[in-house]
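Q: Input structure: data.cif, which contains mmCIF, C-alpha atoms.
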data_input
#
loop_
_atom_site.group_PDB
_atom_site.id
_atom_site.type_symbol
_atom_site.label_atom_id
_atom_site.label_comp_id
_atom_site.auth_asym_id
_atom_site.auth_seq_id
_atom_site.Cartn_x
_atom_site.Cartn_y
_atom_site.Cartn_z
ATOM 1 C CA MET M 456 0.000 0.000 0.000
ATOM 2 C CA LEU M 457 2.859 2.337 0.774
ATOM 3 C CA PHE M 458 4.400 1.674 -2.628
ATOM 4 C CA LEU M 459 1.055 2.430 -4.282
ATOM 5 C CA LYS M 460 0.847 5.742 -2.424
ATOM 6 C CA TYR M 461 4.381 6.577 -3.542
ATOM 7 C CA LEU M 462 3.588 5.809 -7.178
ATOM 8 C CA LEU M 463 0.374 7.801 -7.068
ATOM 9 C CA ASN M 464 2.059 10.756 -5.445
ATOM 10 C CA ARG M 465 5.169 10.688 -7.610
ATOM 11 C CA TYR M 466 3.820 10.021 -11.089
ATOM 12 C CA ILE M 467 0.073 10.388 -11.309
ATOM 13 C CA CYS M 468 -0.896 13.056 -8.788
ATOM 14 C CA THR M 469 1.815 15.495 -9.733
ATOM 15 C CA SER M 470 0.654 15.551 -13.326
ATOM 16 C CA LEU M 471 -3.066 15.634 -12.483
ATOM 17 C CA ALA M 472 -2.816 17.950 -9.458
ATOM 18 C CA ILE M 473 -5.023 15.776 -7.214
ATOM 19 C CA SER M 474 -4.353 14.204 -3.858
ATOM 20 C CA PRO M 475 -3.289 10.555 -3.641
ATOM 21 C CA THR M 476 -5.629 9.918 -0.712
ATOM 22 C CA LYS M 477 -8.624 10.842 -2.863
ATOM 23 C CA LEU M 478 -7.515 8.357 -5.532
ATOM 24 C CA ILE M 479 -6.985 5.596 -2.958
ATOM 25 C CA ASN M 480 -10.376 6.282 -1.353
ATOM 26 C CA ASP M 481 -12.038 6.118 -4.765
ATOM 27 C CA MET M 482 -10.339 2.802 -5.520
ATOM 28 C CA THR M 483 -11.402 1.230 -2.217
ATOM 29 C CA SER M 484 -14.993 2.429 -2.549
ATOM 30 C CA SER M 485 -15.240 1.021 -6.061
ATOM 31 C CA SER M 486 -14.044 -2.396 -4.902
ATOM 32 C CA GLU M 487 -16.919 -2.535 -2.414
ATOM 33 C CA SER M 488 -19.461 -1.942 -5.170
ATOM 34 C CA VAL M 489 -17.832 -4.677 -7.257
ATOM 35 C CA ARG M 490 -18.472 -7.135 -4.436
ATOM 36 C CA SER M 491 -22.170 -6.400 -4.583
ATOM 37 C CA TYR M 492 -22.123 -6.844 -8.375
ATOM 38 C CA TRP M 493 -20.509 -10.272 -7.943
ATOM 39 C CA LEU M 494 -23.145 -11.189 -5.375
ATOM 40 C CA PHE M 495 -25.988 -10.153 -7.695
ATOM 41 C CA ALA M 496 -24.366 -12.001 -10.609
ATOM 42 C CA LEU M 497 -24.111 -15.210 -8.592
ATOM 43 C CA LEU M 498 -27.675 -14.886 -7.303
ATOM 44 C CA SER M 499 -28.868 -14.345 -10.864
ATOM 45 C CA LEU M 500 -26.918 -17.411 -11.959
ATOM 46 C CA VAL M 501 -28.644 -19.474 -9.263
ATOM 47 C CA GLY M 502 -31.982 -18.080 -10.426
ATOM 48 C CA CYS M 503 -31.165 -18.953 -14.026
ATOM 49 C CA VAL M 504 -30.276 -22.537 -13.070
ATOM 50 C CA LEU M 505 -33.485 -22.843 -11.049
ATOM 51 C CA PHE M 506 -35.508 -21.559 -13.984
ATOM 52 C CA LEU M 507 -33.766 -24.091 -16.245
ATOM 53 C CA MET M 508 -34.692 -26.882 -13.840
ATOM 54 C CA PHE M 509 -38.321 -25.958 -13.176
ATOM 55 C CA LYS M 510 -39.465 -23.624 -15.979
ATOM 56 C CA PRO M 511 -37.084 -24.105 -18.917
ATOM 57 C CA GLU M 512 -39.135 -21.928 -21.241
ATOM 58 C CA TRP M 513 -38.569 -18.930 -18.927
ATOM 59 C CA PHE M 514 -34.839 -19.235 -18.187
ATOM 60 C CA TRP M 515 -34.076 -16.351 -20.564
ATOM 61 C CA VAL M 516 -35.775 -13.979 -18.094
ATOM 62 C CA MET M 517 -32.752 -14.309 -15.779
ATOM 63 C CA LEU M 518 -30.145 -13.814 -18.511
ATOM 64 C CA PRO M 519 -30.170 -9.975 -18.665
ATOM 65 C CA PRO M 520 -29.534 -9.390 -14.935
ATOM 66 C CA MET M 521 -26.998 -12.212 -14.791
ATOM 67 C CA LEU M 522 -24.997 -10.929 -17.743
ATOM 68 C CA THR M 523 -25.339 -7.262 -16.763
ATOM 69 C CA TYR M 524 -24.038 -7.814 -13.229
ATOM 70 C CA PHE M 525 -21.270 -10.064 -14.534
ATOM 71 C CA VAL M 526 -20.114 -7.342 -16.918
ATOM 72 C CA LYS M 527 -20.238 -4.747 -14.136
ATOM 73 C CA ALA M 528 -18.353 -7.035 -11.758
ATOM 74 C CA MET M 529 -15.609 -7.490 -14.352
ATOM 75 C CA ARG M 530 -15.505 -3.659 -14.698
ATOM 76 C CA TRP M 531 -16.115 -3.837 -18.424
ATOM 77 C CA MET M 532 -18.911 -1.287 -18.176
#
Would you kindly transcribe this structure into structure tokens?

A:
Amino acid sequence: MLFLKYLLNRYICTSLAISPTKLINDMTSSSESVRSYWLFALLSLVGCVLFLMFKPEWFWVMLPPMLTYFVKAMRWM
């Protein structure tokens, strides 16, 4: 963590004129939201499997939330 603060302060923050603590706080807060996206993606996956088992004609209903939360958890969107 100390090395990350040094790199942020030395290379990134001097060119952007922002504080390294703000960048570190933003990074830690974003990792918390990613955890919730992973949780929703896994719950949607369980729902999709349950739909496939009991109502196979309706499994596609769970695909949009499952894929959306997976993409958000991977930070692709």

Q: Can you translate the PyMOL selection byres ((chain M and resi 520) around 10) into the concrete residues it hits in this file, as a list in words?

A: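 Applying the PyMOL selection byres ((chain M and resi 520) around 10) to the structure shown produces Phe495, Ala496, Leu498, Ser499, Leu500, Cys503, Val516, Met517, Leu518, Pro519, Met521, Leu522, Thr523, Tyr524, Phe525 and Val526 of chain M.
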
Q: Quick one: distance from atom CA of M:Tyr492 to atom CA of M:Phe509 in Å, one decimal?

A: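 Atom-to-atom, atom CA of M:Tyr492 to atom CA of M:Phe509, that is 25.5 Å.
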
Q: So what do you get for atom CA of M:Lys527 versus atom CA of M:Leu507, distance-wise?

A: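 Taking atom CA of M:Lys527 as the start and atom CA of M:Leu507 as the end point, the length is 23.7 Å.
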
Q: Quick one, how far is atom CA of M:Leu494 from atom CA of M:Pro511?

A: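 Computed distance, atom CA of M:Leu494 to atom CA of M:Pro511, equals 23.3 Å.
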